[in-house]
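K.L.:
Before I ask anything, here is the structure I am working with.
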Amino acid sequence: MSEQTKTAAKAGNFNAKKFFSDNAIWAVLIGMVIAMNFLIYARKGAWVFLTPNNIRTLFESESVRGVLTFGVMIAILSKGIDLSTGSLAGMVAVMVASFVQPVDLSTRVLTSGFSLPSFVAIIVGLLIGAAVGAIMGAIIAYTKIHPFIATLGGQLICRAVAKMYSNRPVSNLPDSFRAIARVPYATADGKTSSFPTIIIVFVVMFAISAFLLTQTRFGKNIYAIGGNDQAARVAGINVELNLVLVYVWCSTCAALGGILLAARTGSADASTYGLQYELDAIAAATVGGTSQTGGICRPSGALAGILIMGVINNGLVLMGVDDNMTNVIKGLIIVGAVVLDMRKNAGKK
Amino acid sequence: MSEYILEMKNITKEFPGVKALKGVNLSVRPGTVHTLMGENGAGKSTLMKCLIGIQRPTSGEIYYDGKKVEFGSPAQALEAGISMIHQELSPVPERPVCENLWLGRLPMKNKFMVDHKKMVSDAQELFDRLGLDLDPTEKMGNLTVAKMQMVEIAKAVSWNSKIVIMDEPTSAITESEVEHLFKIIEDLKKKNVAIIYISHKMDEIFRISDDITVYRDGEYVTTDRAANLDVDKVITLMVGRKMGNIFPKVDCPIGGAILKVENLSSGKAFHNVSFELHRGEILGFAGLVGAGRTEVVETIFGMRNKTSGKIYKNGVELDIKNPADAIRNGIGLLTEDRRGNGIVGLQSVGVNTIIANIKKYGFVLNKKKMREDAQEYSQTLNVKTPSLDALIMNLSGGNQQKVLIGRWLLTNPDILIMDEPTRGIDVGAKSEIHTLITRLAGEGKAIIMISSELPEVMGMSDRICVMHEGEMTGIIDRKDFDSDLIMKYATGKIEEGATA
């Protein structure tokens, strides 16, 4: 017995092999960055990939999908899925944008004269997201229908509601609102530049979701529910309530994504905003090692997944690869990543 | 030709970091039942996996029917005449019994069309031949676990193999079906089929075995005729030391009533069940599989809705709607289905230990305290694990069970319900768990223990409630324990009226 207790006592020790196996995805990311760097140099004859400006562009353009990913990864962890995030982001983008449009604008979407302060509009937008999530979550948890179906319904309805809400783009958004994505300032030489607050929001959302999953009771509950919901129930966990919270979280992330998208571009369009973002988010989470069978998810892996997708998107644009070819490459990488990941997990058993 | 149908010589199997088999042997004579014995983790299952090609041995030789063989997959082994009944069932619940039976070898009308008629008639013929009362067109999912197990047995027999491996075939079936299985085994023996039998149930083993081979910690201990061995000898060989009394029952003072159940019913599962549970008491629940015992405790624990009746704790009526309510009221339930609703396989031993108590660590978890608690309980319960961070699914059944017991002790329940606490667990761990149950009762906890093993329930309990088809047919005091009486109640053959 003393032998086992001794080994059990060593438990806190660093396990290098496990560390490298868990974080192999970061090695893949680094490898891709290096490869992309040289490929782009070969094509362009200049080192344009790893420049501060391009790195900033990459992060800015991945932030919205990244925030969606932090939501959907928790839904996938709980053995569910959320197909509504893209549409919901579009719907919230349009609604929040309409709240903050200047009152004197002739092309204003809302004809009644009120306009909300930006801060309040953002809160309202997040609450709309949370409410949609609560409805979908309650349907999933209490009627036991498959999340795929519940959120597919949500996807269709959100997109349609967005289009009914405004059939034309909502533009001319004030700087006070856009500050959540970018803060313009004048540089020393008289030009205007902007500070990318969107990246700060992205990083903060990563920190919050990592904290939720690894440090809180909610997180442990979701790991248990995704791993074995019956066992979780027997251990006294309120499975239904936790599932509702999962979709509230996921939809709130989607709403924030929509708000960031509107703020970054300064307008919102019901028919295109957030279109197919849900699939990009699912892809990033999956490439990042979140298992579709539930119970497995590492926030840092999802972050790496987001960046890998970003490197591909950004790099292939710089190389001048056309859209279709980009999608072929992305498709191969997603499927390949999952095959590799499954082989790794199979080896553990 | 040699005397043996199968010889496995000097088999070793290494996994990264572990030597699961260290040069073990097995020689099986045709037309005999050869039982493999050993604690969980002794290497029996690994050896069988090496035999039928699920795993490849690192070294060693296998001779089958006089020829050296090496199977690359279970399909090849089946082709050659070795079939296996796995411990874990893998039914396709939505499809009929006959499709499950012929899965992978469906009778065909022509190249493209399945012959449905032949599928049913062949299945019926097989069931008739084996004397099984099964409907080939019934949906697999509607069958009880016991019946599914019988389908599995029929499936293995239907291959007309020369060797049939049975891994714990009786763990989920009723007494009468066990008798049936033994008859099937006798018939197979007459046809010169060899049976490799894995089980932990001593009485069965000595009834049917011709030869017994014992393994311990991946090493070959000995092979002998069953007639030359007895229970004590085998246990000593298995654990490498003498075991104490099998059931360490200690009489401890029994306090006042803590739980009172009155006329409890839940749909069709059981009706009008009433009993009292006292502090320091171990109340056994005996009965055949399907008698409704599990359903009763699930209802008390809030996993199942009651349709009528009342539950009181310390004289106060409880309104338990879900397990969380039950835990709040100081009730714990160690469930029967360890994999299904016990362990969270993908999580660590540590997390699995504290999960039922997670509300105590705050919303932002106090990880240090969690770790200390997990450490304390895995030490007290002597859980054999490389570390608290190891995934629980990699532990043996006995150690998983100890983790789950620790999980409940950590919630500090007054009432601990244990549903088949030692099913599928090796002798060493079993006796540790028995000792633990006795100790808990000694500390004044009230314990309900469901067990389908009569010696266990009789050895451990202060009183035994017996159930038959959803009715409580009797409550027996320890002084009146008698296996015939219990079986009479359990089979519903009561003449003199229930003592309840």
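Simple scheme: letters A, B, ... for chains in structure tokens order, numbers from 1 for residues in each chain, numbers from 1 for ligands in the order shown.
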With only C-alpha atoms as the counted atoms, please give the residues lying no more than 9 Å from region 52-56 of chain A, apart from itself and same-chain residues fewer than 5 positions off, as a list in words.
P.N.:
Ser61, Pro196, Ile199 and Asn314 of chain A
K.L.:
Could those residues be written to a file, using C-alpha atoms, as a short mmCIF file (atom, residue, chain, number, x, y, z; two decimals), in the first residue's frame?
P.N.:
data_model
loop_
_atom_site.label_atom_id
_atom_site.label_comp_id
_atom_site.auth_asym_id
_atom_site.auth_seq_id
_atom_site.Cartn_x
_atom_site.Cartn_y
_atom_site.Cartn_z
CA SER A 61 -10.15 39.50 -38.58
CA PRO A 196 -7.53 47.55 -32.03
CA ILE A 199 -8.09 42.13 -29.91
CA ASN A 314 -4.65 35.29 -43.92
#
K.L.:
Excluding region 209-218 of chain A and residues on its chain fewer than 3 positions from it, collect all residues at most 6 Å away from it, counting only C-alpha atoms, and give them as a PDB file with C-alpha atoms, in the first residue's frame.
P.N.:
ATOM      1  CA  PHE A 206     -10.353  33.713 -23.997  1.00  0.00           C
ATOM      2  CA  ASN A 221     -19.934  20.193 -14.244  1.00  0.00           C
ATOM      3  CA  PRO A 299      -9.366  26.175 -24.056  1.00  0.00           C
TER       4      PRO A 299
ATOM      5  CA  PHE B 363     -17.989  28.666  -7.598  1.00  0.00           C
ATOM      6  CA  VAL B 364     -14.338  29.445  -8.236  1.00  0.00           C
ATOM      7  CA  LEU B 365     -12.993  26.128  -7.160  1.00  0.00           C
TER       8      LEU B 365
END
K.L.:
With a cut-off of 6 Å and counting only C-alpha atoms, select all residues of chain B in contact with chain A and give the selection as a ChimeraX atom specification.
P.N.:
/B:323-324,341-342,344,356,363-365,384,386-388
K.L.:
For the residues selected in the previous step, produce a file with C-alpha atoms as a PDB file, in the first residue's frame.
P.N.:
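As written to disk, again-v8.pdb reads:
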ATOM      1  CA  PRO B 323     -30.359  13.239  -6.857  1.00  0.00           C
ATOM      2  CA  ALA B 324     -29.285  16.717  -5.775  1.00  0.00           C
ATOM      3  CA  ASN B 341     -23.872   6.358 -14.468  1.00  0.00           C
ATOM      4  CA  GLY B 342     -20.958   6.043 -12.084  1.00  0.00           C
ATOM      5  CA  VAL B 344     -16.874   9.952 -15.781  1.00  0.00           C
ATOM      6  CA  ALA B 356     -20.652  14.820  -5.954  1.00  0.00           C
ATOM      7  CA  PHE B 363     -17.989  28.666  -7.598  1.00  0.00           C
ATOM      8  CA  VAL B 364     -14.338  29.445  -8.236  1.00  0.00           C
ATOM      9  CA  LEU B 365     -12.993  26.128  -7.160  1.00  0.00           C
ATOM     10  CA  LYS B 384      -4.401   1.829  -6.558  1.00  0.00           C
ATOM     11  CA  PRO B 386      -0.525   5.948 -10.581  1.00  0.00           C
ATOM     12  CA  SER B 387      -1.700   9.434  -9.594  1.00  0.00           C
ATOM     13  CA  LEU B 388      -4.786  11.493  -8.886  1.00  0.00           C
TER      14      LEU B 388
END
K.L.:
Could you pull out all residues of region 87-187 of chain B with a DSSP call of alpha helix (DSSP H) and give them as a ChimeraX atom specification?
P.N.:
/B:97-101,116-130,145-158,175-187
K.L.:
Report the residues of region 177-364 of chain B whose backbone DSSP state falls under strand (DSSP E or B), written as a PyMOL selection string.
P.N.:
chain B and resi 194-198+211-216+219-225+257-266+270-278+282-287+308-313+316-317+331-334+348+364
K.L.:
Would you kindly return, as a PyMOL selection string, each protein, DNA or RNA residue with an atom no farther than 12 Å from any atom of Val204 (chain A), considering only C-alpha atoms and excluding same-chain residues fewer than 3 positions away?
P.N.:
chain A and resi 63+66-67+70+197-201+207-211+253
K.L.:
Using only C-alpha atoms, determine which residues lie at most 12 Å from Ser112 (chain A), disregarding the query and same-chain residues fewer than 6 positions distant; provide the list as a ChimeraX atom specification.
P.N.:
/A:98-99,101-105
K.L.:
Any idea what's packed within 9 Å of region 126-130 of chain A, counting only C-alpha atoms, ignoring anything in its chain fewer than 4 positions away? Could you give it as a PyMOL selection string?
P.N.:
chain A and resi 88-89+92+121-122+134-135+247-256+259
K.L.:
For the residues in the current selection, export all heavy atoms as a compact mmCIF listing (two decimals), in the first residue's frame.
P.N.:
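Full text of result-v8.txt as output:
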# COMPACT_ATOMS: atom_id res chain seq x y z
N LEU A 88 -27.30 34.31 -35.25
CA LEU A 88 -27.59 35.12 -34.06
C LEU A 88 -26.67 36.34 -34.03
O LEU A 88 -27.11 37.45 -33.73
CB LEU A 88 -27.40 34.27 -32.80
CG LEU A 88 -27.65 34.98 -31.48
CD1 LEU A 88 -29.07 35.53 -31.41
CD2 LEU A 88 -27.43 34.01 -30.32
N ALA A 89 -25.40 36.14 -34.38
CA ALA A 89 -24.46 37.26 -34.43
C ALA A 89 -24.98 38.31 -35.42
O ALA A 89 -24.98 39.51 -35.13
CB ALA A 89 -23.07 36.77 -34.83
N VAL A 92 -28.10 40.12 -33.89
CA VAL A 92 -27.75 41.07 -32.84
C VAL A 92 -27.00 42.25 -33.42
O VAL A 92 -27.21 43.41 -33.02
CB VAL A 92 -26.92 40.36 -31.73
CG1 VAL A 92 -26.38 41.37 -30.74
CG2 VAL A 92 -27.77 39.33 -31.03
N ALA A 121 -26.70 49.97 -25.36
CA ALA A 121 -27.06 49.18 -26.53
C ALA A 121 -26.31 47.85 -26.54
O ALA A 121 -26.88 46.80 -26.86
CB ALA A 121 -26.75 49.96 -27.80
N ILE A 122 -25.03 47.90 -26.17
CA ILE A 122 -24.23 46.67 -26.14
C ILE A 122 -24.79 45.70 -25.10
O ILE A 122 -24.96 44.50 -25.38
CB ILE A 122 -22.75 47.00 -25.85
CG1 ILE A 122 -22.14 47.67 -27.09
CG2 ILE A 122 -21.98 45.74 -25.49
CD1 ILE A 122 -20.79 48.28 -26.86
N ALA A 134 -31.12 31.05 -23.78
CA ALA A 134 -31.91 30.44 -22.72
C ALA A 134 -33.07 29.65 -23.32
O ALA A 134 -33.38 28.55 -22.86
CB ALA A 134 -32.44 31.51 -21.76
N ILE A 135 -33.69 30.22 -24.36
CA ILE A 135 -34.82 29.51 -25.00
C ILE A 135 -34.32 28.21 -25.64
O ILE A 135 -34.86 27.13 -25.39
CB ILE A 135 -35.50 30.40 -26.06
CG1 ILE A 135 -36.13 31.62 -25.37
CG2 ILE A 135 -36.55 29.62 -26.82
CD1 ILE A 135 -36.58 32.70 -26.33
N TYR A 247 -25.93 27.01 -23.26
CA TYR A 247 -26.40 27.69 -24.46
C TYR A 247 -26.56 29.19 -24.23
O TYR A 247 -26.44 29.98 -25.17
CB TYR A 247 -27.68 27.02 -24.99
CG TYR A 247 -27.31 25.67 -25.58
CD1 TYR A 247 -27.35 24.52 -24.81
CD2 TYR A 247 -26.84 25.60 -26.88
CE1 TYR A 247 -26.95 23.30 -25.33
CE2 TYR A 247 -26.43 24.38 -27.41
CZ TYR A 247 -26.49 23.24 -26.62
OH TYR A 247 -26.06 22.06 -27.14
N VAL A 248 -26.82 29.58 -22.97
CA VAL A 248 -26.83 31.02 -22.66
C VAL A 248 -25.43 31.58 -22.92
O VAL A 248 -25.26 32.61 -23.58
CB VAL A 248 -27.26 31.26 -21.20
CG1 VAL A 248 -26.96 32.70 -20.80
CG2 VAL A 248 -28.73 30.96 -21.02
N TRP A 249 -24.43 30.87 -22.44
CA TRP A 249 -23.05 31.31 -22.64
C TRP A 249 -22.72 31.37 -24.13
O TRP A 249 -22.18 32.36 -24.64
CB TRP A 249 -22.09 30.37 -21.92
CG TRP A 249 -20.67 30.50 -22.37
CD1 TRP A 249 -20.00 29.69 -23.22
CD2 TRP A 249 -19.76 31.56 -22.02
NE1 TRP A 249 -18.73 30.15 -23.43
CE2 TRP A 249 -18.56 31.30 -22.70
CE3 TRP A 249 -19.84 32.69 -21.20
CZ2 TRP A 249 -17.44 32.13 -22.60
CZ3 TRP A 249 -18.73 33.51 -21.10
CH2 TRP A 249 -17.54 33.23 -21.78
N CYS A 250 -23.05 30.30 -24.82
CA CYS A 250 -22.70 30.20 -26.24
C CYS A 250 -23.37 31.32 -27.04
O CYS A 250 -22.74 31.97 -27.89
CB CYS A 250 -23.16 28.83 -26.75
SG CYS A 250 -22.62 28.47 -28.38
N SER A 251 -24.65 31.60 -26.75
CA SER A 251 -25.37 32.62 -27.49
C SER A 251 -24.91 34.02 -27.10
O SER A 251 -24.90 34.93 -27.94
CB SER A 251 -26.88 32.49 -27.24
OG SER A 251 -27.32 31.26 -27.76
N THR A 252 -24.51 34.19 -25.84
CA THR A 252 -23.99 35.50 -25.44
C THR A 252 -22.68 35.78 -26.17
O THR A 252 -22.44 36.90 -26.62
CB THR A 252 -23.78 35.54 -23.91
OG1 THR A 252 -24.99 35.12 -23.28
CG2 THR A 252 -23.43 36.93 -23.45
N CYS A 253 -21.86 34.75 -26.32
CA CYS A 253 -20.62 34.91 -27.09
C CYS A 253 -20.96 35.29 -28.52
O CYS A 253 -20.31 36.17 -29.12
CB CYS A 253 -19.82 33.61 -27.09
SG CYS A 253 -19.01 33.25 -25.54
N ALA A 254 -21.97 34.63 -29.08
CA ALA A 254 -22.36 34.93 -30.47
C ALA A 254 -22.84 36.37 -30.57
O ALA A 254 -22.48 37.08 -31.53
CB ALA A 254 -23.46 33.96 -30.92
N ALA A 255 -23.63 36.81 -29.59
CA ALA A 255 -24.12 38.19 -29.61
C ALA A 255 -22.95 39.16 -29.55
O ALA A 255 -22.90 40.15 -30.30
CB ALA A 255 -25.06 38.41 -28.43
N LEU A 256 -21.98 38.87 -28.69
CA LEU A 256 -20.81 39.73 -28.60
C LEU A 256 -20.07 39.75 -29.94
O LEU A 256 -19.63 40.80 -30.40
CB LEU A 256 -19.88 39.24 -27.48
CG LEU A 256 -18.59 40.05 -27.30
CD1 LEU A 256 -18.90 41.50 -26.95
CD2 LEU A 256 -17.71 39.43 -26.21
N ILE A 259 -21.84 42.09 -32.22
CA ILE A 259 -21.60 43.48 -31.84
C ILE A 259 -20.21 43.92 -32.32
O ILE A 259 -20.04 44.99 -32.89
CB ILE A 259 -21.72 43.63 -30.30
CG1 ILE A 259 -23.19 43.43 -29.89
CG2 ILE A 259 -21.21 44.99 -29.85
CD1 ILE A 259 -23.39 43.21 -28.41
